[in-house]
Amino acid sequence: MQRFEQIYAEHHDAVRAYVRRRAPEDVVDDVVADVFVVCLRRIDRVPEEPLPWLYGVARKTLANERRRRVRTAPATPGVVRDPEPVGDTALASAFAALSERDREVLRLVAWEGLSQREAATVLGCSGVACRVRYHRAKSRLAARLAAAASFQRDPEGATR
Amino acid sequence: MNDDVVTRLAAANPVPTDLPLREPTPLRLRRAALAAAVVVAVAVPAVAFAGRLGDLLGISNQGAPVATTSLDLSKDTKLDDAMQELGFPATLQLLGTRSGISFYAARKADGDYCFAIESDAGKGVGCDLTGMFPSPARPVFVFPPLEQFAGFVADGVATVAGLDESGQTVVSASVEDNLFAATTPGPFDTVVSIEALDADGNPLANWRLPGR
């Protein structure tokens, strides 16, 4: 139980922030609670570095919540959402144009502060696959941003 | 160039983790109460005070026994699972009812306290996993995030207050038979810390709610 308490104390806020980026406020506490119930239940199997594992549990819990809500209240909008950048319109547009796979690996590194190896744990892929996915996603985002910036700087040129 | 993109993306984080997390909107005291209760039990910096909670249990109200399976909350699958995970005993003590909330408590074989509350507004279960309740440092067990400001206290606590970031009282409730429940309906989104006071209004302990 001592290990669970330590994990809870150290990682609760990070898990809650992760969930808050992806779910409306009225379900955040329930989802976070579910994540730690799973942690408590599987405490013997929680890896030495628990945060990526907790994010992985949260990811599955959110997916379950999304499925549950679709079944029970299909008309409810935005039950579980894909978080987008704020305060940077150009970036948000470029980010939105990426696939969800690309977006999620970028979110894990940029917003959750995970290494690529840790992101692989969350996504359930190999370290190599995750590293490739991350670098490609980063390149695609940079390319889309560059294209948008170029168009904005020289709109006439874009039509010549 | 690519790394600049990630830096720029990091700056556009919709929920930066280095900022205080905004309080969640109302909670139905459902399964969330499990983790919330664990929060109360873990990593709470406390201000110690001269010990007055010297008796064996620290809770004089011994209540009346009820079978755990007879409670409505045991019919909630999530709560029932949580109670099993936490090792709730088969019998709880009904300590009383305040403001429409029924309060139950029990001690596990290892001595830790477990609690449950039921009302029309919701249900919750939780255990003090550290064994710190009741103690001078932790004389209150409250079910956050405070849609209902309610909980259990050790002997010697007369009032429980919920304070905002500036230390101002947002909600308070007087204690009767080791129980408190504010008559004011929540949510109390701005409450960030809990203060326990004695009968003369002197602070006994004050601690911040984790995640707030």
# chains A, B, ... in the order shown; residues from 1 in each chain; ligands from 1

call {"tool": "select_by_dssp", "arguments": {"residues": "range 11-132 of chain A", "states": "helix (DSSP H, G or I)", "output": "NGL selection string"}}
result
:A and (11-22 or 25-41 or 43-45 or 50-72 or 89-96 or 100-110 or 116-123 or 127-132)

call {"tool": "write_last_selection", "arguments": {"atoms": "C-alpha atoms", "output": "PDB file, in the first residue's frame"}}
result
ATOM      1  CA  HIS A  11       1.635  11.454 -10.070  1.00  0.00           C
ATOM      2  CA  HIS A  12      -1.930  12.405  -9.279  1.00  0.00           C
ATOM      3  CA  ASP A  13      -1.614  15.933 -10.614  1.00  0.00           C
ATOM      4  CA  ALA A  14       0.082  14.806 -13.827  1.00  0.00           C
ATOM      5  CA  VAL A  15      -2.573  12.192 -14.488  1.00  0.00           C
ATOM      6  CA  ARG A  16      -5.291  14.697 -13.763  1.00  0.00           C
ATOM      7  CA  ALA A  17      -3.751  17.189 -16.177  1.00  0.00           C
ATOM      8  CA  TYR A  18      -3.513  14.480 -18.835  1.00  0.00           C
ATOM      9  CA  VAL A  19      -7.185  13.651 -18.406  1.00  0.00           C
ATOM     10  CA  ARG A  20      -8.229  17.294 -18.279  1.00  0.00           C
ATOM     11  CA  ARG A  21      -6.698  17.861 -21.696  1.00  0.00           C
ATOM     12  CA  ARG A  22      -8.828  15.104 -23.091  1.00  0.00           C
ATOM     13  CA  GLU A  25     -14.512  18.695 -16.381  1.00  0.00           C
ATOM     14  CA  ASP A  26     -17.562  16.732 -15.337  1.00  0.00           C
ATOM     15  CA  VAL A  27     -15.906  13.397 -16.080  1.00  0.00           C
ATOM     16  CA  VAL A  28     -12.321  14.209 -15.111  1.00  0.00           C
ATOM     17  CA  ASP A  29     -12.540  13.119 -11.494  1.00  0.00           C
ATOM     18  CA  ASP A  30     -14.314   9.885 -12.343  1.00  0.00           C
ATOM     19  CA  VAL A  31     -11.719   8.976 -14.956  1.00  0.00           C
ATOM     20  CA  VAL A  32      -8.793   9.852 -12.689  1.00  0.00           C
ATOM     21  CA  ALA A  33     -10.361   7.789  -9.913  1.00  0.00           C
ATOM     22  CA  ASP A  34     -10.717   4.844 -12.273  1.00  0.00           C
ATOM     23  CA  VAL A  35      -7.071   5.120 -13.270  1.00  0.00           C
ATOM     24  CA  PHE A  36      -5.931   4.885  -9.674  1.00  0.00           C
ATOM     25  CA  VAL A  37      -8.339   2.075  -8.873  1.00  0.00           C
ATOM     26  CA  VAL A  38      -6.641   0.117 -11.665  1.00  0.00           C
ATOM     27  CA  CYS A  39      -3.277   1.133 -10.231  1.00  0.00           C
ATOM     28  CA  LEU A  40      -4.300  -0.078  -6.789  1.00  0.00           C
ATOM     29  CA  ARG A  41      -5.612  -3.332  -8.193  1.00  0.00           C
ATOM     30  CA  ILE A  43       0.069  -2.463  -7.933  1.00  0.00           C
ATOM     31  CA  ASP A  44       2.328  -5.504  -8.232  1.00  0.00           C
ATOM     32  CA  ARG A  45       2.526  -5.014 -11.982  1.00  0.00           C
ATOM     33  CA  PRO A  50       4.827   4.472 -13.267  1.00  0.00           C
ATOM     34  CA  LEU A  51       3.813   7.664 -15.066  1.00  0.00           C
ATOM     35  CA  PRO A  52       3.822   6.371 -18.670  1.00  0.00           C
ATOM     36  CA  TRP A  53       1.965   3.301 -17.447  1.00  0.00           C
ATOM     37  CA  LEU A  54      -0.601   5.524 -15.714  1.00  0.00           C
ATOM     38  CA  TYR A  55      -1.045   7.547 -18.898  1.00  0.00           C
ATOM     39  CA  GLY A  56      -1.594   4.309 -20.780  1.00  0.00           C
ATOM     40  CA  VAL A  57      -4.288   3.299 -18.301  1.00  0.00           C
ATOM     41  CA  ALA A  58      -5.831   6.756 -18.578  1.00  0.00           C
ATOM     42  CA  ARG A  59      -5.833   6.490 -22.353  1.00  0.00           C
ATOM     43  CA  LYS A  60      -7.715   3.194 -22.219  1.00  0.00           C
ATOM     44  CA  THR A  61     -10.061   4.491 -19.550  1.00  0.00           C
ATOM     45  CA  LEU A  62     -10.892   7.509 -21.706  1.00  0.00           C
ATOM     46  CA  ALA A  63     -11.519   5.241 -24.669  1.00  0.00           C
ATOM     47  CA  ASN A  64     -13.862   3.145 -22.540  1.00  0.00           C
ATOM     48  CA  GLU A  65     -15.598   6.276 -21.323  1.00  0.00           C
ATOM     49  CA  ARG A  66     -16.011   7.442 -24.898  1.00  0.00           C
ATOM     50  CA  ARG A  67     -17.538   4.108 -25.902  1.00  0.00           C
ATOM     51  CA  ARG A  68     -19.790   4.063 -22.876  1.00  0.00           C
ATOM     52  CA  ARG A  69     -21.064   7.566 -23.555  1.00  0.00           C
ATOM     53  CA  VAL A  70     -21.668   6.815 -27.210  1.00  0.00           C
ATOM     54  CA  ARG A  71     -23.742   3.809 -26.189  1.00  0.00           C
ATOM     55  CA  THR A  72     -25.728   5.530 -23.478  1.00  0.00           C
ATOM     56  CA  THR A  89      -3.973  29.790 -34.431  1.00  0.00           C
ATOM     57  CA  ALA A  90      -1.466  28.837 -37.113  1.00  0.00           C
ATOM     58  CA  LEU A  91      -0.115  25.997 -35.018  1.00  0.00           C
ATOM     59  CA  ALA A  92      -3.609  24.796 -34.148  1.00  0.00           C
ATOM     60  CA  SER A  93      -4.544  24.687 -37.841  1.00  0.00           C
ATOM     61  CA  ALA A  94      -1.406  22.804 -38.786  1.00  0.00           C
ATOM     62  CA  PHE A  95      -1.839  20.437 -35.845  1.00  0.00           C
ATOM     63  CA  ALA A  96      -5.458  19.737 -36.782  1.00  0.00           C
ATOM     64  CA  GLU A 100      -4.636  11.468 -34.747  1.00  0.00           C
ATOM     65  CA  ARG A 101      -1.668   9.088 -34.476  1.00  0.00           C
ATOM     66  CA  ASP A 102       0.705  11.944 -35.220  1.00  0.00           C
ATOM     67  CA  ARG A 103      -1.072  14.318 -32.896  1.00  0.00           C
ATOM     68  CA  GLU A 104      -1.071  11.948 -29.942  1.00  0.00           C
ATOM     69  CA  VAL A 105       2.640  11.184 -30.039  1.00  0.00           C
ATOM     70  CA  LEU A 106       3.375  14.906 -30.259  1.00  0.00           C
ATOM     71  CA  ARG A 107       1.052  15.629 -27.355  1.00  0.00           C
ATOM     72  CA  LEU A 108       2.769  13.042 -25.189  1.00  0.00           C
ATOM     73  CA  VAL A 109       6.197  14.530 -25.783  1.00  0.00           C
ATOM     74  CA  ALA A 110       5.321  18.233 -25.896  1.00  0.00           C
ATOM     75  CA  GLN A 116       9.984   8.870 -26.830  1.00  0.00           C
ATOM     76  CA  ARG A 117      10.569   5.631 -24.954  1.00  0.00           C
ATOM     77  CA  GLU A 118       7.965   6.587 -22.368  1.00  0.00           C
ATOM     78  CA  ALA A 119       5.537   7.647 -25.081  1.00  0.00           C
ATOM     79  CA  ALA A 120       5.938   4.176 -26.563  1.00  0.00           C
ATOM     80  CA  THR A 121       4.728   2.696 -23.267  1.00  0.00           C
ATOM     81  CA  VAL A 122       1.619   4.859 -23.369  1.00  0.00           C
ATOM     82  CA  LEU A 123       0.870   4.086 -27.006  1.00  0.00           C
ATOM     83  CA  GLY A 127      10.458   2.182 -28.859  1.00  0.00           C
ATOM     84  CA  VAL A 128      11.702   2.190 -32.445  1.00  0.00           C
ATOM     85  CA  ALA A 129       8.220   2.476 -33.912  1.00  0.00           C
ATOM     86  CA  CYS A 130       7.387   5.315 -31.570  1.00  0.00           C
ATOM     87  CA  ARG A 131      10.611   7.140 -32.372  1.00  0.00           C
ATOM     88  CA  VAL A 132       9.894   6.901 -36.091  1.00  0.00           C
TER      89      VAL A 132
END

call {"tool": "residues_around", "arguments": {"residues": "range 158-163 of chain B", "least_positions_apart": "4", "cutoff": "6 Å", "atoms": "only C-alpha atoms", "output": "list in words"}}
result
Gly167, Gln168, Thr169, Val170, Val171, Ser172, Ala173, Ser174, Val175, Val191, Ser193, Ile194, Glu195, Ala196, Leu197, Asp198 and Ala199 of chain B

call {"tool": "atom_distance", "arguments": {"atom1": "CA of Arg208 in chain B", "atom2": "CA of Val192 in chain B"}}
result
5.9 Å

call {"tool": "atom_distance", "arguments": {"atom1": "CA of Phe152 in chain B", "atom2": "CA of Ser99 in chain B"}}
result
13.8 Å
